[in-house]
Amino acid sequence: MVEKEVVVNSDAGIHARPAMMIVREAMKYPCDITLIKDNVEADGKSIMSVLGLAIISGSRLVIRADGEGAPELVDYIIKLIENDFRI
Amino acid sequence: MANLTVRQFIEGKGRIDLQMRLLAGEGGLDKEIKYGETNRPGLALAGFFDHFAFDRIQIFGQGETAFMEQLTEEARLRVYEEFFSYDVLCCIFTHEYIPDSRFLDFADKRNIPVFLSKRTTTRFITLFVHIIDEMFSESVTLHATLVDVFGVGVLLTGKSGVGKSETALELIERGHRLVADDMVVVKKIDESLLMGASSELLKHHLEIRGLGIINVKEIFGIRSIRNRKRIEIVTVLEEWDSAKEYDRLGLDEDKYTILDLDVPVITIPVRPGRNIPVIVETAALNQRLKKTGINAARELDERIKKWIISEGGK
């Protein structure tokens, strides 16, 4: 299991398009992926779930993955968030 | 359990209006409500302070106020002094009764919030307990979809991509109602009741691969949605695994644990050509039947056993 923390800095937060970018990448991996904000867990492979976290600028997120490809996926999502979804 | 202050209670009372107004003791609004119970301070007012539950919300009904009114000025002051020597959580006067200024002065000095309510005492206590129970309830967010199927709250779980939302869509098409898609906020209202709802943000929306996000309420109308529903059965959708043994009889009831409460669970293997919504509908109906005391698998088993003894033995 891999777990890393990241602070979201994009002004618009994680709205529909950024959520889709996370989910689309996650779907390529067989591992389970969970995004956690304030102890609420969301499935990183579900758009609704990620949107439901209501992630805004300044939100602290924990990205947790378990299974094949977990470290790569966590790193990619963190890179996405840190680069303001411009990759 | 999150900390709950008097202020949070007043501000967050939600749909039910307790019709309260602050009279004094504003400085004590940030006191923490630790218990979901109320206390009628009648005995304390009569001078008996043993076991005085001062850390509960004190409800002054018609009995208490009538008692206070018939006291002499001097006796009343003595009672107030002793009453306010405790760190009382907060006082509520029902029937819109306004206590005398002495009482309010004490409350201001000791920072004990005093409210009046238009409600009657019994009604106030009933509503208070109802609201506080919900506020105190444990809560968890699940990655699942919740649908009201024939009045039974069916929680659809399973890995992403297995078809939870598609199953929900088909169920909506068949006249059932969506509560939440992909994220269900579950609250344990009581030791036997799990209430599921959507997050305020996602309410009434559904994501279908290929279509994207759709607004169920706008497309299918008001009859296709509901805001919350008690969770009565869990279905786990999973890819058909030929190596796995699936329940063929329904004699044993498996349990799924949410917030330490057991809910009956059925595992439905998904395979092309299997009509999952119909299976879910039937599971919901079967659950209702079980609640009325009819267990089809057990009854058939009993019938066969009886037959074996009477006929088969010959």
# chains A, B, ... in the order shown; residues from 1 in each chain; ligands from 1
>>> interface_residues(of="chain A", to="chain B", cutoff="9 Å", atoms="only C-alpha atoms", output="list in words")
Met27, Asp32, Val40, Glu41, Ala42, Asp43, Lys45, Ser46, Ile47, Met48, Ser49, Val50, Leu51, Gly52, Leu53 and Ala54 of chain A
>>> write_last_selection(atoms="N, CA and C atoms", output="PDB file, in the first residue's frame")
ATOM      1  N   MET A  27      -8.188   4.636 -14.010  1.00  0.00           N
ATOM      2  CA  MET A  27      -8.817   3.492 -14.676  1.00  0.00           C
ATOM      3  C   MET A  27      -7.794   2.636 -15.434  1.00  0.00           C
ATOM      4  N   ASP A  32      -6.445  -0.522  -6.491  1.00  0.00           N
ATOM      5  CA  ASP A  32      -7.499   0.297  -5.875  1.00  0.00           C
ATOM      6  C   ASP A  32      -6.908   1.652  -5.531  1.00  0.00           C
ATOM      7  N   VAL A  40     -12.984  11.656   4.920  1.00  0.00           N
ATOM      8  CA  VAL A  40     -13.986  11.122   3.999  1.00  0.00           C
ATOM      9  C   VAL A  40     -13.244  10.488   2.830  1.00  0.00           C
ATOM     10  N   GLU A  41     -13.579   9.230   2.544  1.00  0.00           N
ATOM     11  CA  GLU A  41     -12.873   8.506   1.503  1.00  0.00           C
ATOM     12  C   GLU A  41     -13.674   8.490   0.196  1.00  0.00           C
ATOM     13  N   ALA A  42     -12.965   8.678  -0.897  1.00  0.00           N
ATOM     14  CA  ALA A  42     -13.630   8.620  -2.204  1.00  0.00           C
ATOM     15  C   ALA A  42     -12.868   7.645  -3.077  1.00  0.00           C
ATOM     16  N   ASP A  43     -13.594   6.953  -3.941  1.00  0.00           N
ATOM     17  CA  ASP A  43     -12.973   6.036  -4.884  1.00  0.00           C
ATOM     18  C   ASP A  43     -12.382   6.856  -6.031  1.00  0.00           C
ATOM     19  N   LYS A  45     -11.589   6.011  -8.796  1.00  0.00           N
ATOM     20  CA  LYS A  45     -12.015   5.589 -10.131  1.00  0.00           C
ATOM     21  C   LYS A  45     -13.458   6.024 -10.419  1.00  0.00           C
ATOM     22  N   SER A  46     -14.026   6.802  -9.531  1.00  0.00           N
ATOM     23  CA  SER A  46     -15.394   7.264  -9.731  1.00  0.00           C
ATOM     24  C   SER A  46     -15.449   8.783  -9.741  1.00  0.00           C
ATOM     25  N   ILE A  47     -15.926   9.331 -10.862  1.00  0.00           N
ATOM     26  CA  ILE A  47     -16.025  10.790 -11.007  1.00  0.00           C
ATOM     27  C   ILE A  47     -16.890  11.377  -9.884  1.00  0.00           C
ATOM     28  N   MET A  48     -18.063  10.772  -9.680  1.00  0.00           N
ATOM     29  CA  MET A  48     -18.995  11.290  -8.683  1.00  0.00           C
ATOM     30  C   MET A  48     -18.352  11.304  -7.300  1.00  0.00           C
ATOM     31  N   SER A  49     -17.656  10.221  -7.020  1.00  0.00           N
ATOM     32  CA  SER A  49     -17.020  10.076  -5.724  1.00  0.00           C
ATOM     33  C   SER A  49     -15.971  11.191  -5.515  1.00  0.00           C
ATOM     34  N   VAL A  50     -15.141  11.416  -6.549  1.00  0.00           N
ATOM     35  CA  VAL A  50     -14.093  12.439  -6.435  1.00  0.00           C
ATOM     36  C   VAL A  50     -14.728  13.833  -6.328  1.00  0.00           C
ATOM     37  N   LEU A  51     -15.755  14.079  -7.145  1.00  0.00           N
ATOM     38  CA  LEU A  51     -16.430  15.388  -7.090  1.00  0.00           C
ATOM     39  C   LEU A  51     -17.078  15.599  -5.717  1.00  0.00           C
ATOM     40  N   GLY A  52     -17.588  14.512  -5.166  1.00  0.00           N
ATOM     41  CA  GLY A  52     -18.280  14.587  -3.871  1.00  0.00           C
ATOM     42  C   GLY A  52     -17.375  15.024  -2.735  1.00  0.00           C
ATOM     43  N   LEU A  53     -16.076  14.895  -2.906  1.00  0.00           N
ATOM     44  CA  LEU A  53     -15.153  15.323  -1.846  1.00  0.00           C
ATOM     45  C   LEU A  53     -15.124  16.848  -1.719  1.00  0.00           C
ATOM     46  N   ALA A  54     -15.594  17.535  -2.743  1.00  0.00           N
ATOM     47  CA  ALA A  54     -15.596  19.003  -2.742  1.00  0.00           C
ATOM     48  C   ALA A  54     -14.211  19.548  -2.403  1.00  0.00           C
TER      49      ALA A  54
END
>>> select_by_dssp(residues="segment 50-153 of chain B", states="helix (DSSP H, G or I)", output="number ranges by chain")
B: 62-70, 73-83, 101-110, 121-136
>>> residues_around(residues="Ile81 of chain A", least_positions_apart="3", cutoff="12 Å", atoms="only C-alpha atoms", output="ChimeraX atom specification")
/A:5-14,18-19,21-22,55-63,74-78,84-87
>>> write_last_selection(atoms="C-alpha atoms", output="PDB file, in the first residue's frame")
ATOM      1  CA  GLU A   5      -0.273  13.580   1.047  1.00  0.00           C
ATOM      2  CA  VAL A   6      -0.714  16.610  -1.169  1.00  0.00           C
ATOM      3  CA  VAL A   7      -2.171  20.084  -0.765  1.00  0.00           C
ATOM      4  CA  VAL A   8      -4.326  21.267  -3.648  1.00  0.00           C
ATOM      5  CA  ASN A   9      -3.298  24.692  -4.887  1.00  0.00           C
ATOM      6  CA  SER A  10      -5.359  25.168  -8.024  1.00  0.00           C
ATOM      7  CA  ASP A  11      -7.664  28.144  -7.557  1.00  0.00           C
ATOM      8  CA  ALA A  12     -10.640  26.398  -9.123  1.00  0.00           C
ATOM      9  CA  GLY A  13     -10.275  23.338  -6.897  1.00  0.00           C
ATOM     10  CA  ILE A  14     -11.008  19.923  -8.348  1.00  0.00           C
ATOM     11  CA  PRO A  18      -9.628  17.799 -13.231  1.00  0.00           C
ATOM     12  CA  ALA A  19     -11.681  15.029 -11.573  1.00  0.00           C
ATOM     13  CA  MET A  21      -8.239  13.562 -15.477  1.00  0.00           C
ATOM     14  CA  ILE A  22      -7.634  11.777 -12.178  1.00  0.00           C
ATOM     15  CA  ILE A  55     -11.876  19.646  -3.029  1.00  0.00           C
ATOM     16  CA  ILE A  56     -11.016  23.327  -3.023  1.00  0.00           C
ATOM     17  CA  SER A  57      -7.772  25.244  -3.109  1.00  0.00           C
ATOM     18  CA  GLY A  58      -6.011  24.569   0.159  1.00  0.00           C
ATOM     19  CA  SER A  59      -7.604  21.166   0.717  1.00  0.00           C
ATOM     20  CA  ARG A  60      -5.247  18.567   2.119  1.00  0.00           C
ATOM     21  CA  LEU A  61      -5.615  15.261   0.309  1.00  0.00           C
ATOM     22  CA  VAL A  62      -4.293  11.824   1.093  1.00  0.00           C
ATOM     23  CA  ILE A  63      -3.864   9.605  -1.959  1.00  0.00           C
ATOM     24  CA  VAL A  74      -0.025   7.837  -6.671  1.00  0.00           C
ATOM     25  CA  ASP A  75       2.985   9.706  -8.061  1.00  0.00           C
ATOM     26  CA  TYR A  76       1.150  10.567 -11.272  1.00  0.00           C
ATOM     27  CA  ILE A  77      -1.883  11.957  -9.422  1.00  0.00           C
ATOM     28  CA  ILE A  78       0.314  13.998  -7.132  1.00  0.00           C
ATOM     29  CA  ASP A  84      -2.353  22.351 -11.667  1.00  0.00           C
ATOM     30  CA  PHE A  85      -3.599  19.625 -14.060  1.00  0.00           C
ATOM     31  CA  ARG A  86      -1.419  20.846 -16.902  1.00  0.00           C
ATOM     32  CA  ILE A  87       0.609  17.858 -17.977  1.00  0.00           C
TER      33      ILE A  87
END
>>> select_by_dssp(residues="chain A", states="strand (DSSP E or B)", output="JSON, numbers by chain")
{"A": [2, 3, 4, 5, 6, 7, 32, 33, 34, 35, 36, 37, 40, 41, 42, 43, 60, 61, 62, 63, 64, 65, 66]}
>>> write_last_selection(atoms="N, CA and C atoms", output="short mmCIF file (atom, residue, chain, number, x, y, z; two decimals), in the first residue's frame")
data_model
loop_
_atom_site.label_atom_id
_atom_site.label_comp_id
_atom_site.auth_asym_id
_atom_site.auth_seq_id
_atom_site.Cartn_x
_atom_site.Cartn_y
_atom_site.Cartn_z
N VAL A 2 0.50 2.19 -0.82
CA VAL A 2 1.24 3.46 -0.89
C VAL A 2 0.30 4.58 -0.46
N GLU A 3 0.83 5.49 0.34
CA GLU A 3 0.00 6.60 0.78
C GLU A 3 0.82 7.87 0.77
N LYS A 4 0.32 8.90 0.12
CA LYS A 4 1.04 10.18 0.11
C LYS A 4 0.05 11.32 0.31
N GLU A 5 0.60 12.44 0.79
CA GLU A 5 -0.27 13.58 1.05
C GLU A 5 0.07 14.72 0.10
N VAL A 6 -0.95 15.48 -0.28
CA VAL A 6 -0.71 16.61 -1.17
C VAL A 6 -1.71 17.72 -0.82
N VAL A 7 -1.25 18.96 -0.99
CA VAL A 7 -2.17 20.08 -0.76
C VAL A 7 -2.56 20.64 -2.13
N ASP A 32 -6.45 -0.52 -6.49
CA ASP A 32 -7.50 0.30 -5.88
C ASP A 32 -6.91 1.65 -5.53
N ILE A 33 -7.68 2.69 -5.71
CA ILE A 33 -7.18 4.02 -5.40
C ILE A 33 -8.23 4.81 -4.61
N THR A 34 -7.76 5.41 -3.52
CA THR A 34 -8.67 6.13 -2.65
C THR A 34 -8.15 7.55 -2.41
N LEU A 35 -9.03 8.52 -2.52
CA LEU A 35 -8.67 9.90 -2.18
C LEU A 35 -9.35 10.22 -0.85
N ILE A 36 -8.60 10.77 0.07
CA ILE A 36 -9.17 11.02 1.39
C ILE A 36 -9.04 12.50 1.76
N LYS A 37 -10.17 13.10 2.07
CA LYS A 37 -10.15 14.49 2.54
C LYS A 37 -10.97 14.56 3.83
N VAL A 40 -12.98 11.66 4.92
CA VAL A 40 -13.99 11.12 4.00
C VAL A 40 -13.24 10.49 2.83
N GLU A 41 -13.58 9.23 2.54
CA GLU A 41 -12.87 8.51 1.50
C GLU A 41 -13.67 8.49 0.20
N ALA A 42 -12.97 8.68 -0.90
CA ALA A 42 -13.63 8.62 -2.20
C ALA A 42 -12.87 7.64 -3.08
N ASP A 43 -13.59 6.95 -3.94
CA ASP A 43 -12.97 6.04 -4.88
C ASP A 43 -12.38 6.86 -6.03
N ARG A 60 -6.33 19.55 1.94
CA ARG A 60 -5.25 18.57 2.12
C ARG A 60 -5.80 17.19 1.75
N LEU A 61 -5.12 16.55 0.81
CA LEU A 61 -5.62 15.26 0.31
C LEU A 61 -4.62 14.16 0.62
N VAL A 62 -5.14 13.00 0.98
CA VAL A 62 -4.29 11.82 1.09
C VAL A 62 -4.65 10.93 -0.09
N ILE A 63 -3.64 10.50 -0.84
CA ILE A 63 -3.86 9.61 -1.96
C ILE A 63 -3.33 8.24 -1.54
N ARG A 64 -4.22 7.26 -1.56
CA ARG A 64 -3.82 5.92 -1.12
C ARG A 64 -4.12 4.92 -2.23
N ALA A 65 -3.13 4.08 -2.54
CA ALA A 65 -3.36 3.06 -3.56
C ALA A 65 -2.84 1.73 -3.07
N ASP A 66 -3.51 0.68 -3.51
CA ASP A 66 -3.13 -0.65 -3.07
C ASP A 66 -3.25 -1.59 -4.26
#
>>> decode(residues="segment 12-48 of chain A", atoms="C-alpha atoms", output="PDB file, in the first residue's frame")
ATOM      1  CA  ALA A  12     -10.640  26.398  -9.123  1.00  0.00           C
ATOM      2  CA  GLY A  13     -10.275  23.338  -6.897  1.00  0.00           C
ATOM      3  CA  ILE A  14     -11.008  19.923  -8.348  1.00  0.00           C
ATOM      4  CA  HIS A  15     -14.074  20.448 -10.506  1.00  0.00           C
ATOM      5  CA  ALA A  16     -15.385  18.198 -13.266  1.00  0.00           C
ATOM      6  CA  ARG A  17     -12.480  18.278 -15.705  1.00  0.00           C
ATOM      7  CA  PRO A  18      -9.628  17.799 -13.231  1.00  0.00           C
ATOM      8  CA  ALA A  19     -11.681  15.029 -11.573  1.00  0.00           C
ATOM      9  CA  MET A  20     -12.009  13.354 -14.944  1.00  0.00           C
ATOM     10  CA  MET A  21      -8.239  13.562 -15.477  1.00  0.00           C
ATOM     11  CA  ILE A  22      -7.634  11.777 -12.178  1.00  0.00           C
ATOM     12  CA  VAL A  23     -10.267   9.119 -12.843  1.00  0.00           C
ATOM     13  CA  ARG A  24      -9.162   8.521 -16.419  1.00  0.00           C
ATOM     14  CA  GLU A  25      -5.613   7.854 -15.292  1.00  0.00           C
ATOM     15  CA  ALA A  26      -6.758   5.703 -12.367  1.00  0.00           C
ATOM     16  CA  MET A  27      -8.817   3.492 -14.676  1.00  0.00           C
ATOM     17  CA  LYS A  28      -5.632   2.488 -16.491  1.00  0.00           C
ATOM     18  CA  TYR A  29      -4.315   0.808 -13.352  1.00  0.00           C
ATOM     19  CA  PRO A  30      -5.558  -2.422 -11.798  1.00  0.00           C
ATOM     20  CA  CYS A  31      -4.907  -1.184  -8.244  1.00  0.00           C
ATOM     21  CA  ASP A  32      -7.499   0.297  -5.875  1.00  0.00           C
ATOM     22  CA  ILE A  33      -7.175   4.023  -5.399  1.00  0.00           C
ATOM     23  CA  THR A  34      -8.672   6.135  -2.646  1.00  0.00           C
ATOM     24  CA  LEU A  35      -8.671   9.899  -2.178  1.00  0.00           C
ATOM     25  CA  ILE A  36      -9.172  11.023   1.391  1.00  0.00           C
ATOM     26  CA  LYS A  37     -10.154  14.486   2.543  1.00  0.00           C
ATOM     27  CA  ASP A  38     -11.066  15.212   6.175  1.00  0.00           C
ATOM     28  CA  ASN A  39     -11.492  11.477   6.852  1.00  0.00           C
ATOM     29  CA  VAL A  40     -13.986  11.122   3.999  1.00  0.00           C
ATOM     30  CA  GLU A  41     -12.873   8.506   1.503  1.00  0.00           C
ATOM     31  CA  ALA A  42     -13.630   8.620  -2.204  1.00  0.00           C
ATOM     32  CA  ASP A  43     -12.973   6.036  -4.884  1.00  0.00           C
ATOM     33  CA  GLY A  44     -10.401   7.492  -7.276  1.00  0.00           C
ATOM     34  CA  LYS A  45     -12.015   5.589 -10.131  1.00  0.00           C
ATOM     35  CA  SER A  46     -15.394   7.264  -9.731  1.00  0.00           C
ATOM     36  CA  ILE A  47     -16.025  10.790 -11.007  1.00  0.00           C
ATOM     37  CA  MET A  48     -18.995  11.290  -8.683  1.00  0.00           C
TER      38      MET A  48
END
